[in-house]
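Participant: Shown below is the structure under consideration.
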Amino acid sequence: MTNTEPPNSEPMASPAYANGLRTRQEVMGTDFVAQALARTSGSESEQLQRFITEHVWDAVWNRPGLEHRDRSLLNLGILTALRAHDELRGHVRGALNNGLTRAEITESIIHTSGYCGAPAALAAMRVVQEEFDKL
């Protein structure tokens with residue numbers, strides 16, 4: 001079965017999308033999410049945004065067992081290891097929104113140096129510092 005929905009059509013709101021969007025906005029901030037969605041609106045990339053909102057921000061972030069604060073801490077380490085600096089930028093603010101302190105965020109990046117290597121940690125800390133400096 002193929003998806004016959006045109007890439008620029010407004011997707012029907014599913015409960016998973018609505019729940020994921022709410023969580024995504026709580027963690028990342030309403031403006032950040034609105035900008036991310038606006039950048040892809042009407043394009044094929046919009047489908048990926050919808051998928052991530054449903055399957056990451058709802059199905060993963062809303063699972064029981066870990067608080068959002070814990071998930072943010074994990075994301076900092078994962079994104080550092082992947083050197084996914086653009087995603088790390090947003091998740092620094094998400095971590096602050098979820099109750100992590102600047103000191104805890106900094107310590108999490110220092111901790112990654114032992115497991116991901118100094119170059120990855122140094123690059124991540126530059127991103128973190130840039131985000132801290134914006135506040």
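For the structure tokens, the naming scheme is as follows: chains receive sequential letters (A, B, ...) according to their order of presentation, residues are indexed from 1 within each chain, and ligands are indexed from 1 in presentation order.
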Report as a count of residues only all protein, DNA and RNA residues lying within 6 Å of segment 20-24 of chain A, evaluated on only C-alpha atoms, omitting residues in the same chain fewer than 4 positions from it.
Facilitator: 6
Participant: Determine, counting only C-alpha atoms, which protein, DNA and RNA residues have an atom within 12 Å of an atom of Leu135 of chain A; residues of the same chain fewer than 5 positions away are not included. Present the result as a ChimeraX atom specification.
Facilitator: /A:92-93,96,102,128-130
Participant: Nearest residue to Glu131 of chain A out of A:Gly99, A:Ser108, A:Glu46, A:Arg89, using only C-alpha atoms?
Facilitator: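 With only C-alpha atoms as the atom set, the closest residue is A:Arg89.
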Participant: Leaving out segment 65-71 of chain A and any residue of its chain fewer than 4 positions from it, which residues lie within 7 Å of it when counting only C-alpha atoms, given as a list in words?
Facilitator: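 Skipping anything fewer than 4 positions along the chain leaves Asn75, Ala95, Asn98, Gly99 and Leu100 of chain A.
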Participant: Take the residues just selected and output them with N, CA, C and O atoms as a JSON list (two decimals), in the first residue's frame.
Facilitator:
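Below you can see part_2.json, which holds the result:
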```json
[["chain", "number", "residue", "atom", "x", "y", "z"],
["A", 75, "ASN", "N", 19.99, 12.32, 25.95],
["A", 75, "ASN", "CA", 20.15, 12.95, 24.63],
["A", 75, "ASN", "C", 21.44, 13.73, 24.51],
["A", 75, "ASN", "O", 22.08, 13.72, 23.45],
["A", 95, "ALA", "N", 16.99, 20.46, 27.71],
["A", 95, "ALA", "CA", 17.50, 19.98, 28.99],
["A", 95, "ALA", "C", 17.26, 21.02, 30.09],
["A", 95, "ALA", "O", 16.85, 20.68, 31.20],
["A", 98, "ASN", "N", 13.72, 20.99, 31.01],
["A", 98, "ASN", "CA", 13.39, 19.79, 31.78],
["A", 98, "ASN", "C", 14.04, 19.76, 33.16],
["A", 98, "ASN", "O", 13.98, 18.75, 33.84],
["A", 99, "GLY", "N", 14.68, 20.85, 33.56],
["A", 99, "GLY", "CA", 15.18, 20.96, 34.92],
["A", 99, "GLY", "C", 16.65, 20.69, 35.13],
["A", 99, "GLY", "O", 17.14, 20.76, 36.26],
["A", 100, "LEU", "N", 17.40, 20.36, 34.07],
["A", 100, "LEU", "CA", 18.84, 20.21, 34.24],
["A", 100, "LEU", "C", 19.45, 21.59, 34.44],
["A", 100, "LEU", "O", 19.01, 22.57, 33.85]]
```
Participant: Apply DSSP to the backbone of this structure and, from segment 31-132 of chain A, keep only the residues in alpha helix (DSSP H); write these as a VMD selection string.
Facilitator: chain A and resid 31 to 40 45 to 52 68 to 82 85 to 97 102 to 116 118 to 132
Participant: With distances taken over only C-alpha atoms, which residue among A:Thr112, A:Ala121, A:Ala36, A:Ser72 lies nearest His85 of chain A?
Facilitator: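 Looking at the shortest contact to His85 of chain A, the residue is A:Ala121.
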Participant: When distances are computed from only C-alpha atoms, which of A:Arg39, A:Asp133, A:Ala13, A:Val127 shows the smallest separation from Asp86 of chain A?
Facilitator: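 When distances to Asp86 of chain A are compared using only C-alpha atoms, the smallest one comes from A:Val127.
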Participant: Residues at most 12 Å from Ala81 of chain A, counting only C-alpha atoms, excluding those fewer than 6 positions away in the same chain, as a ChimeraX atom specification?
Facilitator: /A:74-75,87-88,108-109,111-124
Participant: Limited to N, CA and C atoms, could you put the picked residues into a file as a JSON list (two decimals), in the first residue's frame?
Facilitator:
```json
[["chain", "number", "residue", "atom", "x", "y", "z"],
["A", 74, "LEU", "N", 20.21, 11.83, 28.72],
["A", 74, "LEU", "CA", 20.64, 10.83, 27.75],
["A", 74, "LEU", "C", 20.89, 11.45, 26.38],
["A", 75, "ASN", "N", 19.99, 12.32, 25.95],
["A", 75, "ASN", "CA", 20.15, 12.95, 24.63],
["A", 75, "ASN", "C", 21.44, 13.73, 24.51],
["A", 87, "GLU", "N", 21.26, 19.22, 16.32],
["A", 87, "GLU", "CA", 20.27, 18.66, 17.25],
["A", 87, "GLU", "C", 20.66, 18.97, 18.69],
["A", 88, "LEU", "N", 21.95, 18.92, 19.00],
["A", 88, "LEU", "CA", 22.42, 19.21, 20.35],
["A", 88, "LEU", "C", 22.02, 20.61, 20.78],
["A", 108, "SER", "N", 27.78, 16.67, 32.10],
["A", 108, "SER", "CA", 27.44, 15.58, 31.19],
["A", 108, "SER", "C", 28.36, 15.58, 29.97],
["A", 109, "ILE", "N", 28.74, 16.77, 29.51],
["A", 109, "ILE", "CA", 29.65, 16.86, 28.36],
["A", 109, "ILE", "C", 31.06, 16.43, 28.78],
["A", 111, "HIS", "N", 31.71, 14.31, 31.07],
["A", 111, "HIS", "CA", 31.61, 12.85, 31.21],
["A", 111, "HIS", "C", 31.77, 12.15, 29.86],
["A", 112, "THR", "N", 31.23, 12.74, 28.80],
["A", 112, "THR", "CA", 31.34, 12.11, 27.48],
["A", 112, "THR", "C", 32.77, 12.05, 26.99],
["A", 113, "SER", "N", 33.64, 12.92, 27.49],
["A", 113, "SER", "CA", 35.02, 12.93, 27.00],
["A", 113, "SER", "C", 35.70, 11.59, 27.26],
["A", 114, "GLY", "N", 35.33, 10.92, 28.34],
["A", 114, "GLY", "CA", 35.93, 9.62, 28.65],
["A", 114, "GLY", "C", 35.42, 8.49, 27.78],
["A", 115, "TYR", "N", 34.27, 8.66, 27.18],
["A", 115, "TYR", "CA", 33.65, 7.59, 26.40],
["A", 115, "TYR", "C", 33.57, 7.90, 24.91],
["A", 116, "CYS", "N", 33.47, 9.17, 24.57],
["A", 116, "CYS", "CA", 33.35, 9.57, 23.15],
["A", 116, "CYS", "C", 34.64, 10.19, 22.64],
["A", 117, "GLY", "N", 35.54, 10.54, 23.55],
["A", 117, "GLY", "CA", 36.80, 11.16, 23.16],
["A", 117, "GLY", "C", 36.77, 12.67, 23.33],
["A", 118, "ALA", "N", 37.96, 13.21, 23.51],
["A", 118, "ALA", "CA", 38.10, 14.64, 23.73],
["A", 118, "ALA", "C", 37.59, 15.47, 22.54],
["A", 119, "PRO", "N", 37.88, 15.09, 21.29],
["A", 119, "PRO", "CA", 37.40, 15.93, 20.18],
["A", 119, "PRO", "C", 35.87, 16.06, 20.16],
["A", 120, "ALA", "N", 35.17, 14.97, 20.41],
["A", 120, "ALA", "CA", 33.70, 15.03, 20.42],
["A", 120, "ALA", "C", 33.21, 15.89, 21.58],
["A", 121, "ALA", "N", 33.81, 15.75, 22.75],
["A", 121, "ALA", "CA", 33.40, 16.53, 23.92],
["A", 121, "ALA", "C", 33.72, 18.00, 23.74],
["A", 122, "LEU", "N", 34.89, 18.31, 23.19],
["A", 122, "LEU", "CA", 35.25, 19.71, 22.96],
["A", 122, "LEU", "C", 34.30, 20.37, 21.96],
["A", 123, "ALA", "N", 33.98, 19.67, 20.89],
["A", 123, "ALA", "CA", 33.05, 20.22, 19.90],
["A", 123, "ALA", "C", 31.67, 20.41, 20.51],
["A", 124, "ALA", "N", 31.22, 19.44, 21.30],
["A", 124, "ALA", "CA", 29.91, 19.55, 21.95],
["A", 124, "ALA", "C", 29.90, 20.71, 22.93]]
```
Participant: Between atom CA of Leu73 of chain A and atom CA of Gly90 of chain A, what is the spacing in Å?
Facilitator: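 For atom CA of Gly90 of chain A relative to atom CA of Leu73 of chain A, the distance reads 12.9 Å.
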Participant: Which distance in Å separates atom CA of Gly94 of chain A and atom CA of Lys134 of chain A, to one decimal?
Facilitator: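 So the answer is 14.1 Å.
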